[in-house]
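Right, one structure below, let's go through it.
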Amino acid sequence: MYKKFYGFKEKPFEIAPDPAFVFLSEVHQEALAHLQYAIHEGKGFSVITGEAGTGKTTLVRKLLNNIEGDSIKTCYVFNPIMDSTDFLHYICTDLGIESDGIKSRGQSLTALHNYLLQCFTKNEKVFLIIDEAQSLDTNLLQEVRLLTNLETTKYKLLHVILLGQPELNQTLSEPRFRPLKQRITIRYHLRPLTLSESKEYIIYRLKRAGSRNLAIFDDNAIKEIFRYSKGIPRLINIVGDNALLTGFSRDKNRIDKKIIKSVIRDIEIEENSSWTRKGKPILFAVTILLLLFCFACGLLYLFFPDIFNQIVRMRFYG
């Protein structure tokens with residue numbers, strides 16, 4: 001809608017994880033280097049964490065696009081909320097393993113093991129990449145650990161990369177996951193962007209979108225975006241996209257702090273109204289339950305005062 005107005009070939013702040021728009025800050029370069037090292041060196045277990053929206057999924061897509069040749073096979077799980085049977089079946093299907101006749105967990109495990117052995121004989125590495133790993137059920141997380149037991153006397157047959165929010169670290173620190181934690185050879189935490197990196201990020205995306213004017217956002221606008229987003233790329237994209245739309249509607253070629261504040265105010269109103277829409281039915285239900293409880297207590301006291309007093313004594317005096 002605003003592309004022609006600002007001279008873009010593409011919209012610069014789409015939130016979809018497009019590898020073509022990947023901005024590699026210092027921390028993102030380090031994270032990508034860790035992932036590439038895990039791939040090329042065949043590390044058994046790797047964990048990359050970061051707040052929601054910091055770019056973990058985008059990095060993985062960048063990594064997968066950079067993988068060349070047939071020597072590396074990958075299974076990418078973007079939604080790990082499933083039971084162990086479906087999980088194993090999904091892995092087999094994504095790796096292209098013949099699934100006709102496979103119905104049980106044991107059959108899937110056998111088919112996967114045979115596939116991994118075939119890949120090993122052809123000097124191929126197989127990677128299981130699990131996004132949103134903080135959502136993994138504890139039993140499924142144990143299943144993932146057991147999959148890394150598939151090995152020869154010297155080499156792991158399956159390599160695992162877990163991508164998740166900081167809660168994943170908390171889960172892995174639990175005593176029951178100590179055996180899994182001990183197998184992690186590569187760990188990296190993806191922090192948000194700094195103010196200077198946020199400015200570079202915005203300019204980079206404007207450039208990638210084909211803009212000749214890289215100063216569409218003035219310095220105060222960028223500072224305000226950073227204040228709200230705290231350096232999280234996804235939030236920068238949301239504010240940036242809405243700011244360009246607002247600037248277009250106001251016939252403004254330059255985005256200033258006033259426009260950013262207006263956009264943020266609208267976003268916060270929407271977030272609050274969204275909470276209200278969800279919270280009102282719950283509040284209404286709780287209110288009705290309380291009224292019914294009070295009504296029931298009143299009836300009990302009115303018609304059965306002895307029983308009511310006995311219940312009160314039991315409740316407050318044991």
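Residues are named by chain letter and number: chains run A, B, ... in the order of the structure tokens, numbers start at 1 in each chain, and ligands are numbered from 1 in the order shown.
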
Do a neighbour search on A:Thr57 at 12 Å with only C-alpha atoms, toss out local chain neighbours closer than 3 positions, and write the hits as a PDB file with C-alpha atoms, in the first residue's frame.
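Listed below is the output, selection.pdb:
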ATOM      1  CA  ILE A  15       7.632 -10.312  10.247  1.00  0.00           C
ATOM      2  CA  ALA A  16       7.929 -13.527   8.193  1.00  0.00           C
ATOM      3  CA  PRO A  17      11.428 -15.049   8.630  1.00  0.00           C
ATOM      4  CA  ASP A  18      12.747 -14.213   5.148  1.00  0.00           C
ATOM      5  CA  PRO A  19      16.461 -15.178   4.871  1.00  0.00           C
ATOM      6  CA  VAL A  22      18.466 -11.402   7.649  1.00  0.00           C
ATOM      7  CA  HIS A  28      23.590 -13.045  15.228  1.00  0.00           C
ATOM      8  CA  ALA A  31      24.910 -17.577  16.827  1.00  0.00           C
ATOM      9  CA  LEU A  32      25.048 -18.522  13.127  1.00  0.00           C
ATOM     10  CA  ILE A  48      20.336 -21.836  20.972  1.00  0.00           C
ATOM     11  CA  THR A  49      18.122 -19.691  23.224  1.00  0.00           C
ATOM     12  CA  GLY A  50      16.747 -16.163  23.032  1.00  0.00           C
ATOM     13  CA  GLU A  51      13.649 -14.124  23.793  1.00  0.00           C
ATOM     14  CA  ALA A  52      10.682 -14.443  21.444  1.00  0.00           C
ATOM     15  CA  GLY A  53      11.282 -12.378  18.314  1.00  0.00           C
ATOM     16  CA  THR A  54      15.080 -12.167  18.549  1.00  0.00           C
ATOM     17  CA  VAL A  60      17.796 -21.439  11.159  1.00  0.00           C
ATOM     18  CA  ARG A  61      16.227 -20.695   7.782  1.00  0.00           C
ATOM     19  CA  LYS A  62      19.396 -18.811   6.834  1.00  0.00           C
ATOM     20  CA  LEU A  63      21.446 -21.805   7.960  1.00  0.00           C
ATOM     21  CA  LEU A  64      19.347 -24.286   5.981  1.00  0.00           C
ATOM     22  CA  TYR A  76      12.901 -29.280  10.919  1.00  0.00           C
ATOM     23  CA  VAL A  77      10.193 -29.427  13.607  1.00  0.00           C
ATOM     24  CA  PHE A  78       8.496 -26.026  13.854  1.00  0.00           C
ATOM     25  CA  ASN A  79       5.714 -27.115  16.238  1.00  0.00           C
ATOM     26  CA  ILE A 129      16.203 -29.175  14.415  1.00  0.00           C
ATOM     27  CA  ILE A 130      13.433 -28.390  16.905  1.00  0.00           C
ATOM     28  CA  ASP A 131      12.086 -24.842  17.062  1.00  0.00           C
ATOM     29  CA  GLU A 132      10.070 -23.528  20.049  1.00  0.00           C
ATOM     30  CA  ALA A 133      11.744 -26.248  22.108  1.00  0.00           C
ATOM     31  CA  ILE A 161      19.669 -28.595  17.562  1.00  0.00           C
ATOM     32  CA  LEU A 162      17.170 -27.126  20.041  1.00  0.00           C
ATOM     33  CA  LEU A 163      15.948 -23.545  19.559  1.00  0.00           C
ATOM     34  CA  GLY A 164      13.901 -22.036  22.341  1.00  0.00           C
ATOM     35  CA  GLN A 165      13.079 -19.174  24.664  1.00  0.00           C
ATOM     36  CA  LEU A 190      20.804 -14.703  21.427  1.00  0.00           C
ATOM     37  CA  PRO A 233      13.627  -7.438  15.816  1.00  0.00           C
ATOM     38  CA  ARG A 234      10.043  -8.700  15.609  1.00  0.00           C
TER      39      ARG A 234
END

**OP:** Would you kindly return, as a list of chain:residue names, each protein, DNA or RNA residue with an atom no farther than 12 Å from any atom of A:Tyr155, considering only C-alpha atoms and excluding same-chain residues fewer than 6 positions away?
**Re:** A:Glu41, A:Gly42, A:Lys43, A:Gly44, A:Leu116, A:Leu117, A:Phe120, A:Thr121, A:Asn123, A:Glu124, A:Lys125, A:Val126, A:Thr148, A:Asn149

Original post:
Looking at A:Cys294, A:Ile288, A:Ile264, A:Leu128, which one is nearest to A:Leu235, with distances taken over only C-alpha atoms?
Top reply: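 Of A:Cys294, A:Ile288, A:Ile264, A:Leu128, the one nearest A:Leu235 is A:Ile264, counting only C-alpha atoms.
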
Original post:
With only C-alpha atoms as the atoms that count, which of A:Ile222, A:Ile186, A:Leu24, A:Leu140 lies nearest to A:Thr58?
Top reply: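 Closest candidate: A:Leu24.
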
Original post:
So which residues of stretch 128-288 of chain A fall under alpha helix (DSSP H) by DSSP, listed as a VMD selection string?
Top reply: chain A and resid 138 to 147 167 to 172 178 to 181 195 to 208 219 to 229 233 to 249 257 to 288

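Counting only C-alpha atoms and comparing A:Arg183, A:Arg178, A:Lys223, A:Lys73, the residue that lies closest to A:Lys199 is A:Lys223.
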